[in-house]
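Reproduced below: work-v4.pdb, with PDB, C-alpha atoms.
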ATOM      1  CA  MET A   2     121.808  20.590  46.073
ATOM      2  CA  ALA A   3     119.406  23.301  46.605
ATOM      3  CA  SER A   4     119.800  25.109  49.798
ATOM      4  CA  ALA A   5     116.862  26.962  51.133
ATOM      5  CA  VAL A   6     117.529  30.571  51.909
ATOM      6  CA  THR A   7     115.583  31.718  54.850
ATOM      7  CA  MET A   8     115.449  35.291  55.915
ATOM      8  CA  ALA A   9     114.046  36.421  59.173
ATOM      9  CA  ALA A  10     111.470  39.129  58.861
ATOM     10  CA  TYR A  11     112.494  42.111  60.877
ATOM     11  CA  THR A  12     110.039  44.894  61.500
ATOM     12  CA  ILE A  13     111.058  48.414  62.224
ATOM     13  CA  PRO A  14     108.862  50.228  64.715
ATOM     14  CA  GLN A  15     107.002  53.007  62.921
ATOM     15  CA  SER A  16     106.238  56.397  64.381
ATOM     16  CA  LYS A  17     102.605  57.424  64.189
ATOM     17  CA  ALA A  18     103.364  61.112  64.618
ATOM     18  CA  LEU A  19     103.841  61.872  60.941
ATOM     19  CA  ARG A  20     101.223  59.572  59.460
ATOM     20  CA  THR A  21      98.104  60.998  57.974
ATOM     21  CA  SER A  22      94.885  59.879  59.473
ATOM     22  CA  PRO A  23      92.943  57.475  57.250
ATOM     23  CA  ALA A  24      89.793  59.407  58.134
ATOM     24  CA  LEU A  25      91.124  62.420  56.230
ATOM     25  CA  PHE A  26      91.115  60.587  52.932
ATOM     26  CA  ALA A  27      88.325  58.682  51.279
ATOM     27  CA  LYS A  28      88.705  56.397  48.303
ATOM     28  CA  SER A  29      87.982  58.039  45.003
ATOM     29  CA  SER A  30      86.572  56.394  41.952
ATOM     30  CA  VAL A  31      89.266  57.975  39.750
ATOM     31  CA  ALA A  32      92.177  55.537  39.459
ATOM     32  CA  GLY A  33      92.771  55.148  43.187
ATOM     33  CA  MET A  34      93.646  58.810  43.784
ATOM     34  CA  PRO A  35      92.801  59.915  47.310
ATOM     35  CA  MET A  36      90.082  62.500  47.687
ATOM     36  CA  VAL A  37      90.373  65.003  50.513
ATOM     37  CA  ARG A  38      87.465  65.054  52.933
ATOM     38  CA  ARG A  39      85.510  68.279  53.032
ATOM     39  CA  TRP A  40      86.061  70.736  55.840
ATOM     40  CA  SER A  41      83.670  70.225  58.724
ATOM     41  CA  GLY A  42      83.665  73.870  59.851
ATOM     42  CA  ARG A  43      84.684  73.225  63.451
ATOM     43  CA  LEU A  44      87.647  75.610  63.335
ATOM     44  CA  SER A  45      86.682  79.172  64.149
ATOM     45  CA  VAL A  46      88.577  82.432  64.166
ATOM     46  CA  ARG A  47      87.421  85.412  66.146
ATOM     47  CA  CYS A  48      87.856  88.721  64.357
ATOM     48  CA  ASP A  49      87.222  91.664  66.646
ATOM     49  CA  PHE A  50      86.009  95.020  65.473
ATOM     50  CA  ILE A  51      88.487  97.774  64.719
ATOM     51  CA  GLY A  52      87.952  99.479  68.081
ATOM     52  CA  SER A  53      88.671  96.378  70.148
ATOM     53  CA  SER A  54      91.006  96.589  73.108
ATOM     54  CA  THR A  55      93.702  94.562  71.339
ATOM     55  CA  ASN A  56      93.651  96.880  68.329
ATOM     56  CA  LEU A  57      93.717  99.986  70.513
ATOM     57  CA  ILE A  58      96.720  98.688  72.464
ATOM     58  CA  MET A  59      98.633  97.938  69.262
ATOM     59  CA  VAL A  60      97.825 101.340  67.721
ATOM     60  CA  ALA A  61      98.737 103.189  70.930
ATOM     61  CA  SER A  62     102.051 101.395  71.494
ATOM     62  CA  THR A  63     103.165 101.766  67.871
ATOM     63  CA  SER A  64     102.109 105.433  67.756
ATOM     64  CA  LEU A  65     103.913 106.251  71.002
ATOM     65  CA  MET A  66     107.104 104.605  69.786
ATOM     66  CA  LEU A  67     106.961 106.440  66.445
ATOM     67  CA  PHE A  68     106.348 109.707  68.323
ATOM     68  CA  ALA A  69     109.323 109.045  70.586
ATOM     69  CA  GLY A  70     111.583 108.299  67.638
ATOM     70  CA  ARG A  71     110.444 111.290  65.585
ATOM     71  CA  PHE A  72     110.766 113.876  68.347
ATOM     72  CA  GLY A  73     114.111 112.716  69.692
ATOM     73  CA  LEU A  74     113.094 110.725  72.750
ATOM     74  CA  ALA A  75     114.500 107.449  71.364
ATOM     75  CA  PRO A  76     117.723 106.625  69.514
ATOM     76  CA  SER A  77     117.592 106.783  65.732
ATOM     77  CA  ALA A  78     119.926 106.740  62.743
ATOM     78  CA  ASN A  79     120.875 110.387  63.343
ATOM     79  CA  ARG A  80     120.870 110.279  67.155
ATOM     80  CA  LYS A  81     122.946 107.674  68.922
ATOM     81  CA  ALA A  82     122.783 106.842  72.606
ATOM     82  CA  THR A  83     125.944 107.307  74.667
ATOM     83  CA  ALA A  84     127.029 105.289  77.692
ATOM     84  CA  GLY A  85     125.053 107.634  79.976
ATOM     85  CA  LEU A  86     121.948 107.101  77.805
ATOM     86  CA  LYS A  87     122.104 110.653  76.462
ATOM     87  CA  LEU A  88     121.282 111.207  72.806
ATOM     88  CA  GLU A  89     123.870 113.001  70.687
ATOM     89  CA  LEU A  90     123.594 114.033  67.067
ATOM     90  CA  ARG A  91     125.666 112.386  64.355
ATOM     91  CA  ASP A  92     125.648 112.387  60.588
ATOM     92  CA  SER A  93     124.512 108.973  59.396
ATOM     93  CA  GLY A  94     124.678 109.820  55.696
ATOM     94  CA  LEU A  95     121.036 108.806  55.168
ATOM     95  CA  GLN A  96     118.999 111.278  53.134
ATOM     96  CA  THR A  97     115.643 112.381  54.401
ATOM     97  CA  GLY A  98     113.186 115.157  53.686
ATOM     98  CA  ASP A  99     112.138 115.359  57.320
ATOM     99  CA  PRO A 100     113.357 118.444  59.219
ATOM    100  CA  ALA A 101     114.108 116.317  62.288
ATOM    101  CA  GLY A 102     116.069 113.787  60.218
ATOM    102  CA  PHE A 103     113.658 110.861  60.728
ATOM    103  CA  THR A 104     114.548 108.280  58.049
ATOM    104  CA  LEU A 105     112.841 105.204  56.615
ATOM    105  CA  ALA A 106     115.101 102.998  58.730
ATOM    106  CA  ASP A 107     113.962 104.895  61.836
ATOM    107  CA  THR A 108     110.306 104.442  60.874
ATOM    108  CA  LEU A 109     110.717 100.694  60.393
ATOM    109  CA  ALA A 110     112.758 100.279  63.583
ATOM    110  CA  CYS A 111     110.409 102.309  65.781
ATOM    111  CA  GLY A 112     107.337 100.615  64.299
ATOM    112  CA  THR A 113     108.864  97.208  64.981
ATOM    113  CA  VAL A 114     109.724  98.072  68.580
ATOM    114  CA  GLY A 115     106.225  99.523  69.042
ATOM    115  CA  HIS A 116     104.686  96.266  67.815
ATOM    116  CA  ILE A 117     106.922  94.224  70.132
ATOM    117  CA  ILE A 118     105.851  96.356  73.094
ATOM    118  CA  GLY A 119     102.187  96.057  72.068
ATOM    119  CA  VAL A 120     102.343  92.276  71.744
ATOM    120  CA  GLY A 121     103.962  92.080  75.172
ATOM    121  CA  VAL A 122     101.209  94.201  76.699
ATOM    122  CA  VAL A 123      98.424  92.202  75.015
ATOM    123  CA  LEU A 124      99.894  88.832  76.005
ATOM    124  CA  GLY A 125     100.528  90.030  79.568
ATOM    125  CA  LEU A 126      96.992  91.319  79.980
ATOM    126  CA  LYS A 127      95.529  88.134  78.493
ATOM    127  CA  ASN A 128      97.667  86.062  80.852
ATOM    128  CA  ILE A 129      96.354  87.786  83.962
ATOM    129  CA  GLY A 130      92.806  87.731  82.611
ATOM    130  CA  ALA A 131      92.360  91.488  82.269
ATOM    131  CA  LEU A 132      91.793  91.326  78.524
TER     132      LEU A 132
END
If you convert what's in this file into structure tokens, what do you get?
Amino acid sequence: MASAVTMAAYTIPQSKALRTSPALFAKSSVAGMPMVRRWSGRLSVRCDFIGSSTNLIMVASTSLMLFAGRFGLAPSANRKATAGLKLELRDSGLQTGDPAGFTLADTLACGTVGHIIGVGVVLGLKNIGAL
């Protein structure tokens, strides 16, 4: 007695979000390997000149923050802020050749904060349409 085994075909719904578009690939004559379609050139990137308003904002905000850190207007490794936001000297143990005690960590920290301020200014001005 041979019993017929029947299996129902179940299909799992497939997401189309992660599939590659068939238009991106064309059949190649080399053993069925897909060949990538050439770039059409529709994507464009605008590179402004070095004196553009965005560049000037970034240079100004980073320079001002580095100036504030170097001349004691912002907290640094050798000057900590107290509860009343006053800066007091402390010995951090970091070696520096700078007379004011500005270290590499201070340079990186102040440059980072200057860039964050600059990006905020640029995005804010672009949002209101002034840039």
**Request:** Fewer than 3 positions away in the same chain doesn't count, so skip those; otherwise give me all residues within 8 Å of region 53-64 of chain A, counting all atoms listed in the file, as a VMD selection string.
**Result:** chain A and resid 49 to 50 67 to 68 111 to 116 118 to 120 122 to 123 132
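Counting from CA of Lys127 (chain A), the distance to CA of Leu74 (chain A) is 29.2 Å.
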**Asked** Taking all atoms listed in the file into account, which of A:Phe72, A:Ala82, A:Ser77, A:Leu124 comes nearest Ala101 (chain A)?
**Response** A:Phe72
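Rounded to one decimal, CA of Gly102 (chain A) and CA of Gly73 (chain A) lie 9.7 Å from each other.
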**Request:** Kindly resolve the PyMOL selection byres ((chain A and resi 88) around 10) on the present coordinates and return the residues as a count of residues only.
**Result:** 17
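In this structure, CA of Thr104 (chain A) sits 9.1 Å away from CA of Arg71 (chain A).
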**Request:** Tell me which protein, DNA and RNA residues are within 10 Å of Leu105 (chain A), counting all atoms listed in the file, leaving out same-chain ones fewer than 4 positions away, and put them as a list in words.
**Result:**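 What passes the distance filter is Ala78, Leu95, Gln96, Thr97, Leu109, Ala110 and Cys111 of chain A.
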